[in-house]
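J.: Before I ask anything, here is the structure I am working with.
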Amino acid sequence: MSKDNQILEEFTSKEYEHGWSVNLEADEAPAGLDEGIIRWISAKKEEPEWLLEWRLKAFRNWLTMIEPEWANVRYPKINLQSLKYYSAPKQKNKPKNLDEIDPELLQIYERLGISLNEQKRLQGIAVDAVLDSVSVGTTFKATLSKLGIIFCSFSEAVKEHPELVKKYLGSVVPINDNYYAALNSAVFSDGSFCYIPSGVRCPMELSTYFRINAANTGQFERTLIIAEEGSYVSYLEGCTAPQRDENQLHAAVVEIYAAKNAEVKYSTVQNWFPGDKEGKGGIYNFVTKRGICAGDHSKISWTQVETGSAVTWKYPSCILKGDYSVGEFYSVAVTNNYQQADTGTKMIHIGKNTRSRIVSKGISAGHSQNSYRGQVQVMKRATNSRNFSQCDSLLMGSKCGAHTFPYIDIQNSSAQVEHEATTSKIGEDQLFYCNQRGISTEDAVALIVNGYAKEVLNQLPMEFAVEAQKLLALTLEGSVG
Amino acid sequence: MLVIKNLHASIDGAPILRGINLEVKAGEVHAIMGPNGSGKSTLASVLAGREEYEVTEGEVLFKGKDLLALAPEERAREGVFLAFQYPVEIPGVSTTNFLRTAVNQVREYRGLNPLDAVKFLSVMKEKMKLVEIDQKLMSRSLNEGFSGGEKKRNEIFQMAMLEPTLSILDETDSGLDIDALRIVSNGVNQLKSSETATIVVTHYQRLLDYIVPDFVHVLFNGRIVKSGTKDLALDLEEKGYDWIKEEVKAASV
């Protein structure tokens, strides 16, 4: 066996760090999916009639849809009737503020390194923590509300700001958009809601932390971000799950609305349980994320570091409707062992002088399959639009695969569209060079991979970038001997 | 410091080194010369621990330790440095970041505290003068887009930072113009001490005008067939390698 192969054989040994679960008493829906369950969820959440109707409409739409099969991923069919669609940790009384949250819940988040205790938080990041189906607490609410910023759980938004939810829910991702988005619309349980009023620059990073704890539960969260004229917000999302033998479904929807001159930066570090070394277990991550640059000169930027999940199916996209609007997509997707990722973006240029930039860095190791799928569409009216796409793949070993599926559809001849793609391998030469300078092979891999992903990591807020670097190294640890 | 005894090595089953014997003492400079394909670079690679080469016979002691039993990074931390003939590019990793990782891993092995950023930069600044390397190169990706001369200077700069006891220069002169050659050689000479040793692998006598060897060895067909002082290098420059090949042939008949 050559050194390269040996290196890669040994590479696949690192255990998932967040693979623990806690026995929490939970308030769960019975397994199965029908209109009754949807009514049950809606009643449980004391929702208004219009939202129940909206859910039911989504459900009826979903019934007519079929599971998409075009993605370059293979997995056994999910039995949606065996899943539970609602699980909430039982809290004795509904907490009115953070001090009243069940200490056991707080401990879960402390263990993840996320403190919901405002005094303890040194960095100015406001967190909304979502466990299984519901939000357990949002920090820094008071500070934010002084500026008119609303940052709360989705359920709370439905109660406190129904007019905003009603206006924007489903406006970017319609209920019949795709199979998983429709399913999410029918059964979503909670998520985060964020509203930045005109002219306000959100002074801290807003963050949602998702964790699946209960077994056999699908997590369907819904995030809605609205940035009014001239506002700015940077939003972070992190995810982990316990290690379980069965696959678990996660099908979220994120919608972003950016008005004139508004800017939204959305960063994700996705670290769902990827399954074990043999490919057993792990999260199926089927997510729909889309933003609309509705106003002129608005900007939406997606940055994602995808290291987890057994199967990932995710295309954060931008609809560039306003003139001079800008869409960006920066992605690092790492797959190891038997992970499969089919991820990329869609940039839809509708307004004039719109610009988009795509930087995708795939890293495949073990027996994994890593695909970039991206669509650049320039509509008739979108004169002088520009797109630049760069899709790089880094292979570690000879048993993994990297694939690129670019789709380009141009209906305006003044458009400029560029696509660059490279595929490279971590070379034995690079590793030996590092070793010869006294650097261990593990550290050499981390150094090389982080160097490769630097352009994307640079887009992340500072402390997130450090986390992401560590996570990349951890995901690939043991893959090179 | 370094004792090589009857070293045999092969790649993909083809023997390249066929019984090398060499002793290098502290304070000495040894030049290894020889025609193309004689095994010069292989010797350098085997000493540094490149895994494509299989050692089939013999032993190598470095400061009394079995060098061949050590992983490449352990050899480096023990004080073996190889200046590469073709330095490798690592995109996205700055020279500074790369070296800081290396220096601190080496320091840890040697029982020293890691250098903090401020101290590291001041050491770096001082060592940069040795090879007149441009500050701008330090923040660029390692070796990416560097000219041939810049790459070689960077090798010697790294050597200065890592403070090895045994430095092996593998055709460091290739691709250098006269000015760069002088700068690189100056750097090497300033790093020499009574506690360190240098092995210079080269095709040409030219480099040896600047880095003056105590001993010159001629490698041919995987063996050292002739050893001498720096005058041997001058003879080779004048007469080429053919006469040595003839001598070897005559001796084997």
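Just so we're on the same page: first chain in the structure tokens is A, next is B, and so on; residues restart at 1 for each chain, and ligands are numbered from 1 in the order they show up.
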Quick one: contact table of chain B to chain A, 7 Å max, nearest atom pair and distance in Å to one decimal per residue, counting only C-alpha atoms, chain and number order, as a Markdown table?
T.:
| residue | atom | partner | partner_atom | distance |
| --- | --- | --- | --- | --- |
| B:Ala48 | CA | A:Gln436 | CA | 6.8 |
| B:Arg50 | CA | A:Phe432 | CA | 6.9 |
| B:Pro72 | CA | A:Asn435 | CA | 5.6 |
| B:Glu73 | CA | A:Gly438 | CA | 4.3 |
| B:Glu74 | CA | A:Gly438 | CA | 6.6 |
| B:Ala76 | CA | A:Gly438 | CA | 4.9 |
| B:Arg77 | CA | A:Gly438 | CA | 5.3 |
| B:Phe81 | CA | A:Gln436 | CA | 6.9 |
| B:Val88 | CA | A:Gln430 | CA | 6.1 |
| B:Ile90 | CA | A:Ile448 | CA | 6.6 |
| B:Pro91 | CA | A:Gly451 | CA | 5.9 |
| B:Gly92 | CA | A:Gly451 | CA | 3.8 |
| B:Val93 | CA | A:Gly451 | CA | 4.7 |
| B:Thr101 | CA | A:Ile439 | CA | 7.0 |
| B:Ala102 | CA | A:Ile439 | CA | 5.3 |
| B:Gln105 | CA | A:Ile439 | CA | 6.3 |
| B:Val106 | CA | A:Gly438 | CA | 5.7 |
J.: I need the residues in range 95-207 of chain B that are alpha helix (DSSP H) according to DSSP; give them as a ChimeraX atom specification.
T.: /B:95-109,117-130,135-139,148-162,178-191,206-207
J.: Smallest atom-to-atom distance to Gly79 in chain B: which of B:Asp242, B:Asp170, B:Glu163, B:Glu247, using only C-alpha atoms?
T.: B:Glu163
J.: Residues within 10 Å of range 54-60 of chain B, please, as a ChimeraX atom specification. Count only C-alpha atoms; anything in the same chain fewer than 2 positions from it doesn't count.
T.: /B:2-23,46-47,49-52,62-69
